[in-house]
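Raw contents of structure02.txt, compact mmCIF, C-alpha atoms:
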# COMPACT_ATOMS: atom_id res chain seq x y z
CA MET O 1 36.32 -104.25 45.31
CA VAL O 2 34.46 -102.92 42.26
CA MET O 3 32.82 -100.08 44.19
CA SER O 4 36.08 -98.32 45.12
CA CYS O 5 38.31 -99.54 42.30
CA ASP O 6 39.73 -96.97 39.87
CA ASP O 7 41.25 -99.56 37.52
CA ASP O 8 38.92 -99.88 34.52
CA GLU O 9 40.48 -103.17 33.44
CA ILE O 10 39.82 -104.86 36.78
CA ILE O 11 36.24 -103.56 36.73
CA ARG O 12 35.74 -104.86 33.17
CA GLN O 13 36.97 -108.30 34.17
CA ALA O 14 34.65 -108.38 37.20
CA LEU O 15 31.62 -107.45 35.05
CA GLU O 16 32.50 -110.10 32.48
CA THR O 17 32.93 -112.72 35.20
CA TYR O 18 29.74 -111.81 37.09
CA PRO O 19 27.46 -110.24 34.47
CA ASN O 20 24.27 -111.18 36.32
CA ASP O 21 25.34 -110.63 39.91
CA PRO O 22 23.16 -107.83 41.32
CA GLN O 23 25.76 -106.95 43.95
CA VAL O 24 28.46 -106.52 41.32
CA LEU O 25 26.12 -104.49 39.15
CA GLN O 26 25.18 -102.28 42.10
CA ALA O 27 28.85 -101.87 43.02
CA TYR O 28 29.60 -100.68 39.51
CA GLY O 29 26.76 -98.18 39.78
CA LEU O 30 28.28 -96.79 42.99
CA ASN O 31 31.69 -96.72 41.36
CA ALA O 32 30.26 -94.80 38.39
CA LEU O 33 28.65 -92.30 40.75
CA LYS O 34 31.96 -91.76 42.52
CA TYR O 35 34.05 -91.42 39.38
CA HIS O 36 31.42 -89.65 37.23
CA LYS O 37 31.03 -92.39 34.64
CA VAL O 38 28.02 -92.32 32.33
CA ASP O 39 27.53 -95.96 31.38
CA ALA O 40 26.23 -97.43 34.66
CA ILE O 41 22.50 -96.82 34.23
CA PRO O 42 21.89 -100.04 32.24
CA MET O 43 23.84 -102.00 34.88
CA VAL O 44 21.69 -100.72 37.73
CA GLU O 45 18.52 -101.26 35.71
CA LYS O 46 19.67 -104.84 35.18
CA ALA O 47 20.32 -105.22 38.90
CA LEU O 48 16.72 -104.14 39.55
CA GLU O 49 15.49 -106.98 37.36
CA PHE O 50 16.77 -109.32 40.06
CA GLY O 51 15.13 -107.36 42.86
CA THR O 52 12.49 -104.80 42.00
CA LEU O 53 11.96 -103.91 45.68
CA ASN O 54 15.57 -102.91 46.27
CA ALA O 55 15.11 -99.31 47.42
CA SER O 56 18.85 -98.59 47.37
CA ASN O 57 19.12 -99.48 43.70
CA HIS O 58 16.13 -97.32 42.80
CA ALA O 59 17.81 -94.45 44.66
CA LEU O 60 21.13 -95.20 42.98
CA LEU O 61 19.42 -95.07 39.61
CA ALA O 62 17.96 -91.69 40.57
CA TYR O 63 21.38 -90.28 41.40
CA LEU O 64 22.86 -91.66 38.19
CA ASN O 65 20.01 -89.95 36.30
CA GLN O 66 20.65 -86.56 37.90
CA ASP O 67 20.98 -84.92 34.48
CA ASN O 68 17.48 -86.17 33.66
CA PRO O 69 15.41 -84.88 36.60
CA GLU O 70 12.10 -86.33 35.37
CA MET O 71 13.56 -89.85 35.18
CA ALA O 72 15.43 -89.36 38.45
CA LEU O 73 12.20 -88.31 40.19
CA LYS O 74 10.45 -91.49 39.14
CA SER O 75 13.26 -93.58 40.60
CA ILE O 76 13.59 -91.65 43.86
CA ASP O 77 9.82 -91.68 44.39
CA THR O 78 9.86 -95.46 43.94
CA ALA O 79 12.71 -95.74 46.43
CA LEU O 80 10.77 -93.67 48.97
CA GLN O 81 7.64 -95.78 48.52
CA ILE O 82 9.70 -98.83 49.43
CA TRP O 83 11.78 -97.18 52.13
CA PRO O 84 9.99 -94.03 53.35
CA THR O 85 12.36 -93.11 56.20
CA GLU O 86 15.46 -91.97 54.29
CA SER O 87 15.68 -88.22 54.82
CA ALA O 88 18.44 -87.63 52.24
CA TRP O 89 16.24 -89.10 49.53
CA TYR O 90 13.45 -86.66 50.35
CA ALA O 91 15.96 -83.81 50.13
CA TYR O 92 17.19 -85.10 46.78
CA ALA O 93 13.60 -85.34 45.56
CA ALA O 94 13.10 -81.71 46.59
CA GLU O 95 16.20 -80.72 44.60
CA LEU O 96 14.87 -82.53 41.54
CA GLU O 97 11.44 -80.93 41.90
CA MET O 98 13.08 -77.50 41.90
CA GLN O 99 14.88 -78.39 38.68
CA THR O 100 11.55 -79.23 37.07
CA GLY O 101 9.90 -76.08 38.44
CA ASN O 102 7.57 -77.81 40.90
CA THR O 103 8.07 -75.57 43.92
CA ASN O 104 5.09 -76.90 45.87
CA ASP O 105 6.23 -80.52 45.55
CA ALA O 106 9.77 -79.47 46.42
CA SER O 107 8.47 -77.80 49.57
CA ALA O 108 6.53 -80.93 50.50
CA HIS O 109 9.57 -83.16 50.01
CA ILE O 110 11.94 -80.98 52.04
CA SER O 111 9.33 -80.86 54.81
CA GLN O 112 9.37 -84.67 54.84
CA ALA O 113 13.14 -84.62 55.02
CA LEU O 114 12.97 -82.30 58.03
CA ASP O 115 10.33 -84.46 59.68
CA ALA O 116 12.79 -87.34 59.49
CA ASP O 117 15.86 -85.30 60.45
CA PRO O 118 14.86 -81.99 62.11
CA ASP O 119 18.40 -81.14 63.23
CA ASN O 120 19.89 -81.17 59.75
CA ALA O 121 21.28 -77.70 58.95
CA ASP O 122 21.57 -78.44 55.23
CA PHE O 123 17.90 -79.38 55.00
CA TRP O 124 16.86 -76.12 56.69
CA LEU O 125 19.07 -74.23 54.23
CA GLN O 126 17.49 -76.08 51.33
CA SER O 127 14.04 -75.28 52.68
CA ALA O 128 14.95 -71.59 52.89
CA GLU O 129 16.17 -71.58 49.29
CA ILE O 130 12.89 -73.11 48.14
CA ARG O 131 10.91 -70.47 50.06
CA LEU O 132 12.99 -67.70 48.51
CA VAL O 133 11.92 -68.81 45.05
CA SER O 134 8.37 -68.02 46.17
CA ASN O 135 9.58 -64.76 47.79
CA ASP O 136 8.51 -66.04 51.20
CA LEU O 137 11.03 -63.97 53.12
CA VAL O 138 9.58 -64.46 56.60
CA ASP O 139 9.66 -68.26 56.53
CA ALA O 140 12.96 -68.28 54.63
CA LYS O 141 14.50 -66.19 57.41
CA ALA O 142 13.18 -68.59 60.04
CA ASP O 143 14.63 -71.56 58.12
CA LEU O 144 18.02 -69.87 57.74
CA GLU O 145 18.10 -69.06 61.44
CA LYS O 146 17.39 -72.73 62.14
CA SER O 147 20.20 -73.72 59.81
CA VAL O 148 22.82 -71.51 61.47
CA SER O 149 21.67 -72.67 64.89
CA PHE O 150 22.73 -76.21 63.95
CA LYS O 151 25.76 -75.29 61.83
CA THR O 152 27.14 -71.96 63.03
CA GLN O 153 30.34 -72.25 60.98
CA ASN O 154 28.75 -71.90 57.54
CA ALA O 155 29.68 -68.47 56.16
CA ASP O 156 27.49 -68.87 53.08
CA THR O 157 24.38 -69.42 55.20
CA TRP O 158 25.14 -66.27 57.21
CA LEU O 159 25.39 -64.37 53.92
CA LYS O 160 22.06 -65.72 52.70
CA LEU O 161 20.52 -64.65 56.01
CA ALA O 162 22.09 -61.22 55.59
CA GLU O 163 20.51 -60.86 52.16
CA VAL O 164 17.09 -61.85 53.48
CA ASN O 165 17.39 -59.37 56.34
CA ARG O 166 18.48 -56.68 53.89
CA ARG O 167 15.48 -57.34 51.69
CA MET O 168 13.22 -57.19 54.75
CA GLY O 169 14.73 -53.85 55.73
CA ASP O 170 16.52 -55.05 58.86
CA LEU O 171 19.92 -53.60 57.98
CA SER O 172 21.32 -53.90 61.50
CA ALA O 173 20.69 -57.64 61.48
CA ALA O 174 22.13 -57.91 57.99
CA ILE O 175 25.33 -56.19 59.14
CA ARG O 176 25.66 -58.59 62.08
CA ASN O 177 25.15 -61.53 59.72
CA VAL O 178 27.90 -60.31 57.40
CA GLN O 179 30.20 -59.76 60.37
CA ASN O 180 29.64 -63.39 61.40
CA ALA O 181 30.51 -64.49 57.86
CA GLN O 182 33.70 -62.39 57.98
CA GLN O 183 34.82 -64.08 61.17
CA LEU O 184 34.38 -67.46 59.50
CA ASP O 185 35.95 -66.46 56.18
CA PRO O 186 38.47 -63.68 56.89
CA ALA O 187 40.27 -64.29 53.58
CA ASN O 188 37.18 -63.23 51.64
CA LYS O 189 37.81 -59.51 51.19
CA SER O 190 34.47 -58.95 49.45
CA LEU O 191 32.66 -59.43 52.77
CA ALA O 192 34.13 -56.22 54.17
CA ILE O 193 32.79 -54.37 51.14
CA LYS O 194 29.35 -55.91 51.71
CA GLU O 195 29.41 -54.70 55.30
CA ALA O 196 30.46 -51.19 54.27
CA GLN O 197 27.72 -51.05 51.62
CA LEU O 198 25.12 -52.08 54.21
CA MET O 199 26.36 -49.36 56.54
CA PHE O 200 26.01 -46.83 53.74
CA THR O 201 22.50 -48.07 52.92
CA LYS O 202 21.63 -47.77 56.62
CA LYS O 203 22.89 -44.17 56.47
CA ASP O 204 25.51 -44.94 59.10
CA TYR O 205 28.04 -42.94 57.16
CA ASP O 206 30.63 -42.66 59.94
CA SER O 207 30.80 -46.46 60.25
CA ALA O 208 31.00 -46.81 56.47
CA VAL O 209 33.95 -44.41 56.35
CA GLU O 210 35.68 -46.25 59.20
CA LYS O 211 35.12 -49.64 57.57
CA THR O 212 36.37 -48.53 54.17
CA SER O 213 39.40 -46.90 55.79
CA HIS O 214 40.43 -50.32 57.13
CA ILE O 215 39.90 -51.84 53.69
CA LEU O 216 41.96 -49.11 52.00
CA GLU O 217 44.82 -49.54 54.47
CA GLU O 218 45.31 -53.01 52.96
CA ASN O 219 44.36 -52.14 49.40
CA PRO O 220 44.36 -48.40 48.56
CA LEU O 221 43.12 -49.13 45.04
CA ASP O 222 40.02 -51.06 46.02
CA GLU O 223 37.52 -49.37 43.72
CA ASP O 224 34.36 -50.19 45.69
CA ALA O 225 35.87 -49.07 48.99
CA ASN O 226 36.95 -45.75 47.48
CA VAL O 227 33.48 -45.15 46.03
CA ILE O 228 31.64 -46.04 49.24
CA GLN O 229 33.95 -43.85 51.29
CA ALA O 230 33.57 -40.90 48.93
CA GLN O 231 29.80 -41.28 48.83
CA SER O 232 29.64 -41.53 52.63
CA LEU O 233 31.69 -38.37 53.04
CA ALA O 234 29.59 -36.53 50.47
CA LYS O 235 26.38 -37.53 52.26
CA GLN O 236 27.76 -35.78 55.35
CA GLY O 237 28.51 -32.64 53.36
CA LYS O 238 32.26 -33.31 53.41
CA PHE O 239 32.60 -32.68 49.69
CA GLY O 240 36.26 -31.70 49.77
CA GLN O 241 37.24 -34.90 51.54
CA ALA O 242 35.10 -36.93 49.18
CA LEU O 243 36.80 -35.39 46.14
CA LEU O 244 40.19 -35.96 47.73
CA VAL O 245 39.46 -39.69 48.00
CA LEU O 246 38.38 -39.89 44.37
CA ASN O 247 41.18 -37.70 43.03
CA GLN O 248 43.82 -39.72 44.85
CA TYR O 249 42.49 -42.80 43.09
CA LEU O 250 42.33 -40.98 39.74
CA ASP O 251 45.93 -39.82 40.12
CA LYS O 252 46.93 -43.47 39.80
CA ASN O 253 44.12 -44.54 37.45
CA PRO O 254 43.20 -41.45 35.44
CA GLU O 255 41.17 -43.38 32.85
CA ASN O 256 38.76 -44.94 35.35
CA THR O 257 35.35 -43.81 34.10
CA ARG O 258 33.47 -44.86 37.20
CA MET O 259 35.64 -42.71 39.46
CA GLN O 260 35.46 -39.76 37.07
CA LEU O 261 31.67 -40.04 37.16
CA GLU O 262 31.61 -40.28 40.96
CA ALA O 263 33.75 -37.16 41.18
CA LEU O 264 31.30 -35.26 38.98
CA LYS O 265 28.41 -36.41 41.18
CA VAL O 266 30.17 -35.02 44.24
CA LYS O 267 30.89 -31.71 42.50
CA LYS O 268 27.27 -31.52 41.35
CA ALA O 269 26.08 -31.92 44.96
CA TYR O 270 27.69 -28.64 46.03
CA GLU O 271 28.14 -26.70 42.79
CA GLY O 272 24.84 -27.58 41.14
CA THR O 273 23.85 -29.42 38.00
CA GLU O 274 24.15 -26.45 35.64
CA ALA O 275 27.74 -25.79 36.64
CA ILE O 276 28.97 -29.35 36.23
CA LEU O 277 26.84 -30.45 33.27
CA PRO O 278 29.45 -29.41 30.65
CA GLU O 279 32.02 -31.69 32.31
CA LEU O 280 29.60 -34.61 32.18
CA VAL O 281 28.87 -33.91 28.52
CA LYS O 282 32.61 -34.06 27.79
CA LEU O 283 32.88 -37.34 29.70
CA ALA O 284 29.98 -38.76 27.71
CA GLU O 285 31.59 -37.73 24.44
CA VAL O 286 34.76 -39.60 25.35
CA HIS O 287 32.87 -42.62 26.71
CA SER O 288 29.88 -42.69 24.41
CA GLU O 289 29.39 -46.44 24.89
CA ASP O 290 29.38 -46.41 28.69
CA PRO O 291 25.79 -47.04 29.86
CA GLU O 292 26.27 -45.59 33.34
CA VAL O 293 27.68 -42.33 31.99
CA LEU O 294 24.85 -42.04 29.47
CA THR O 295 22.18 -42.79 32.06
CA GLU O 296 23.62 -40.16 34.41
CA LEU O 297 23.74 -37.66 31.57
CA THR O 298 20.11 -38.39 30.73
CA ASP O 299 19.11 -37.70 34.33
CA TRP O 300 21.03 -34.42 34.41
CA LEU O 301 19.56 -33.28 31.09
CA ILE O 302 16.07 -34.00 32.36
CA GLN O 303 16.79 -32.04 35.54
CA THR O 304 17.90 -29.03 33.49
CA ASN O 305 15.18 -29.39 30.83
CA ARG O 306 17.78 -29.92 28.12
CA LEU O 307 17.04 -33.45 27.04
CA GLU O 308 15.81 -32.33 23.60
CA LYS O 309 19.26 -30.92 22.87
CA ARG O 310 20.82 -34.35 22.74
CA LYS O 311 21.08 -35.44 19.13
CA ARG O 312 21.87 -39.12 19.65
CA PRO O 313 19.63 -41.48 21.65
CA LEU O 314 20.89 -42.51 25.06
CA ARG O 315 21.32 -46.13 25.94
CA PRO O 316 19.79 -47.54 29.09
CA SER O 317 22.08 -48.50 31.92
CA CYS O 318 22.48 -51.94 33.37
CA GLY O 319 22.66 -50.25 36.76
CA SER O 320 25.49 -49.28 39.02
CA SER O 321 27.25 -52.11 40.81
CA LEU O 322 26.54 -50.40 44.13
CA ASN O 323 22.81 -50.39 43.37
CA ARG O 324 22.57 -54.01 42.35
CA PRO O 325 21.47 -56.68 44.87
CA MET O 326 24.48 -57.49 47.06
CA PHE O 327 24.00 -61.25 47.36
CA THR O 328 22.94 -63.77 44.81
File written out as structure tokens:
Amino acid sequence: MVMSCDDDEIIRQALETYPNDPQVLQAYGLNALKYHKVDAIPMVEKALEFGTLNASNHALLAYLNQDNPEMALKSIDTALQIWPTESAWYAYAAELEMQTGNTNDASAHISQALDADPDNADFWLQSAEIRLVSNDLVDAKADLEKSVSFKTQNADTWLKLAEVNRRMGDLSAAIRNVQNAQQLDPANKSLAIKEAQLMFTKKDYDSAVEKTSHILEENPLDEDANVIQAQSLAKQGKFGQALLVLNQYLDKNPENTRMQLEALKVKKAYEGTEAILPELVKLAEVHSEDPEVLTELTDWLIQTNRLEKRKRPLRPSCGSSLNRPMFT
């Protein structure tokens, strides 16, 4: 009754009536874990005084101590010494080790979890995440592929696999991975943008234009889709079409600095830096705090050997959103 009860008064009465009953104390610990209460640790510690070899209570104490990973590790390790076949406890130990920065021990614990339960998709995903901390892309990819083989309906795992494939340079595989994620999560409109960006990175500009066209049919003001489409057209030498895309957006959002900058980049590609530089200088004067504009201006000034003519120092950019890593 105590374990699932949400009536604090009934629970209080039960604890007062049976203050030394290990089963009641354990039940309160489970109740606290379920309802996120913070006062159950002393109760479970008291329960362990009546049975120090109770592996479940040691594990329960570990879960209750999740905000104190060092203490939680001591408890879960004790539980595993008593009962060494519980795969979920090994996985929890691996999670705690990662919180304390012990990647090697985390890897060892998740391997033990997989030894006990090799068909567990979540364990393979956890193993991949541990490997990624060490930048072990090859083994992380293998673990993610194992995970999706057991749980094909997890869109997040497909996205993680896409990111690993992107980092390894296999853009075709990354695109397929994102497409799988889209099928599982069609309401997530950002996935279509990820696919279009991968197509652009792969230099499959026709596919990128086609993909962004579908996106823009639903949302003509999607900023990323407009930028990717314009960039893809410009890469094919279709500068007029690229400018048309950007100018149509700017007609409705004339103050959008990113689109103004993209339009200048397109014009620079066919008119040359010297011809368009004055327009960029004007943009920078209006948006003197915009790091992307200032970084672009710095690059153009260097290209034209005019950097010394700038009187004020330029601020470094945080990087364009299209150049940042796609998945985190």
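Among O:Thr85, O:Gln303, O:Gln236, O:Gln229, the residue with the shortest atom-to-atom distance to O:Tyr249, counting all atoms listed in the file, is O:Gln229.
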Review point. What's the 10 Å shell around O:His58, counting only C-alpha atoms, without same-chain residues fewer than 3 positions away, as a list in words?
Key: Val44, Glu45, Ala47, Leu48, Thr52, Leu53, Asn54, Ala55, Leu61, Ala62, Tyr63, Leu64, Ala72, Lys74, Ser75, Ile76, Asp77, Thr78, Ala79, Leu80 and Ile82 of chain O
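Excluding stretch 282-287 of chain O and any residue on its chain fewer than 4 positions from it, the residues at most 8 Å away by only C-alpha atoms are O:Thr257, O:Pro278, O:Val293, O:Leu294, O:Leu297.
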Which residues are near O:Asn165? Cut-off 12 Å, all atoms listed in the file, ignore same chain within fewer than 3 positions. Put them as a PDB file with C-alpha atoms, in the coordinates of the input.
ATOM      1  CA  LEU O 137      11.030 -63.970  53.120  1.00  0.00           C
ATOM      2  CA  VAL O 138       9.580 -64.460  56.600  1.00  0.00           C
ATOM      3  CA  ASP O 139       9.660 -68.260  56.530  1.00  0.00           C
ATOM      4  CA  ALA O 140      12.960 -68.280  54.630  1.00  0.00           C
ATOM      5  CA  LYS O 141      14.500 -66.190  57.410  1.00  0.00           C
ATOM      6  CA  ALA O 142      13.180 -68.590  60.040  1.00  0.00           C
ATOM      7  CA  LEU O 144      18.020 -69.870  57.740  1.00  0.00           C
ATOM      8  CA  GLU O 145      18.100 -69.060  61.440  1.00  0.00           C
ATOM      9  CA  TRP O 158      25.140 -66.270  57.210  1.00  0.00           C
ATOM     10  CA  LEU O 159      25.390 -64.370  53.920  1.00  0.00           C
ATOM     11  CA  LYS O 160      22.060 -65.720  52.700  1.00  0.00           C
ATOM     12  CA  LEU O 161      20.520 -64.650  56.010  1.00  0.00           C
ATOM     13  CA  ALA O 162      22.090 -61.220  55.590  1.00  0.00           C
ATOM     14  CA  MET O 168      13.220 -57.190  54.750  1.00  0.00           C
ATOM     15  CA  GLY O 169      14.730 -53.850  55.730  1.00  0.00           C
ATOM     16  CA  ASP O 170      16.520 -55.050  58.860  1.00  0.00           C
ATOM     17  CA  LEU O 171      19.920 -53.600  57.980  1.00  0.00           C
ATOM     18  CA  SER O 172      21.320 -53.900  61.500  1.00  0.00           C
ATOM     19  CA  ALA O 173      20.690 -57.640  61.480  1.00  0.00           C
ATOM     20  CA  ALA O 174      22.130 -57.910  57.990  1.00  0.00           C
ATOM     21  CA  ILE O 175      25.330 -56.190  59.140  1.00  0.00           C
ATOM     22  CA  ARG O 176      25.660 -58.590  62.080  1.00  0.00           C
ATOM     23  CA  ASN O 177      25.150 -61.530  59.720  1.00  0.00           C
ATOM     24  CA  VAL O 178      27.900 -60.310  57.400  1.00  0.00           C
ATOM     25  CA  LEU O 198      25.120 -52.080  54.210  1.00  0.00           C
ATOM     26  CA  MET O 326      24.480 -57.490  47.060  1.00  0.00           C
ATOM     27  CA  PHE O 327      24.000 -61.250  47.360  1.00  0.00           C
TER      28      PHE O 327
END
Please return, as a CSV table (one decimal) with C-alpha atoms, in the coordinates of the input, all polymer residues that have at least one atom within 12 Å of the point (8.0, -78.2, 44.2); use only C-alpha atoms and the file's own coordinate frame.
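The resulting selection_22.csv:
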chain,number,residue,atom,x,y,z
O,73,LEU,CA,12.2,-88.3,40.2
O,90,TYR,CA,13.4,-86.7,50.4
O,91,ALA,CA,16.0,-83.8,50.1
O,92,TYR,CA,17.2,-85.1,46.8
O,93,ALA,CA,13.6,-85.3,45.6
O,94,ALA,CA,13.1,-81.7,46.6
O,95,GLU,CA,16.2,-80.7,44.6
O,96,LEU,CA,14.9,-82.5,41.5
O,97,GLU,CA,11.4,-80.9,41.9
O,98,MET,CA,13.1,-77.5,41.9
O,99,GLN,CA,14.9,-78.4,38.7
O,100,THR,CA,11.6,-79.2,37.1
O,101,GLY,CA,9.9,-76.1,38.4
O,102,ASN,CA,7.6,-77.8,40.9
O,103,THR,CA,8.1,-75.6,43.9
O,104,ASN,CA,5.1,-76.9,45.9
O,105,ASP,CA,6.2,-80.5,45.6
O,106,ALA,CA,9.8,-79.5,46.4
O,107,SER,CA,8.5,-77.8,49.6
O,108,ALA,CA,6.5,-80.9,50.5
O,109,HIS,CA,9.6,-83.2,50.0
O,110,ILE,CA,11.9,-81.0,52.0
O,111,SER,CA,9.3,-80.9,54.8
O,127,SER,CA,14.0,-75.3,52.7
O,129,GLU,CA,16.2,-71.6,49.3
O,130,ILE,CA,12.9,-73.1,48.1
O,131,ARG,CA,10.9,-70.5,50.1
O,133,VAL,CA,11.9,-68.8,45.0
O,134,SER,CA,8.4,-68.0,46.2
Check your understanding: Interatomic distance between atom CA of O:Thr212 and atom CA of O:Ala225?
Key ->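 Result for atom CA of O:Thr212 versus atom CA of O:Ala225: 5.2 Å, one decimal.
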Check your understanding: Using only C-alpha atoms, which of O:Ala275, O:Leu280, O:Ala269, O:Leu221 sits nearest O:Asn253?
Key ->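 Answer, going by the shortest atom-to-atom distance: O:Leu221.
Between atom CA of O:Ala121 and atom CA of O:Lys151 the interatomic distance comes to 5.8 Å.
Among O:Glu262, O:Asp119, O:Val164, O:Gly240, the residue with the shortest atom-to-atom distance to O:Lys146, counting all atoms listed in the file, is O:Asp119.
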**Study point:** Two-atom distance - atom CA of O:Asn226, atom CA of O:Ala187 (Å)
**Key:**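 It comes out at 19.8 Å.
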Close residues, O:Glu296 itself excluded, 9 Å, only C-alpha atoms, min 3 positions apart in chain, as a PDB file with C-alpha atoms, keeping the file's coordinate frame:
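Result file out-v1.pdb:
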ATOM      1  CA  LEU O 261      31.670 -40.040  37.160  1.00  0.00           C
ATOM      2  CA  LEU O 280      29.600 -34.610  32.180  1.00  0.00           C
ATOM      3  CA  PRO O 291      25.790 -47.040  29.860  1.00  0.00           C
ATOM      4  CA  GLU O 292      26.270 -45.590  33.340  1.00  0.00           C
ATOM      5  CA  VAL O 293      27.680 -42.330  31.990  1.00  0.00           C
ATOM      6  CA  ASP O 299      19.110 -37.700  34.330  1.00  0.00           C
ATOM      7  CA  TRP O 300      21.030 -34.420  34.410  1.00  0.00           C
ATOM      8  CA  LEU O 301      19.560 -33.280  31.090  1.00  0.00           C
ATOM      9  CA  SER O 317      22.080 -48.500  31.920  1.00  0.00           C
TER      10      SER O 317
END
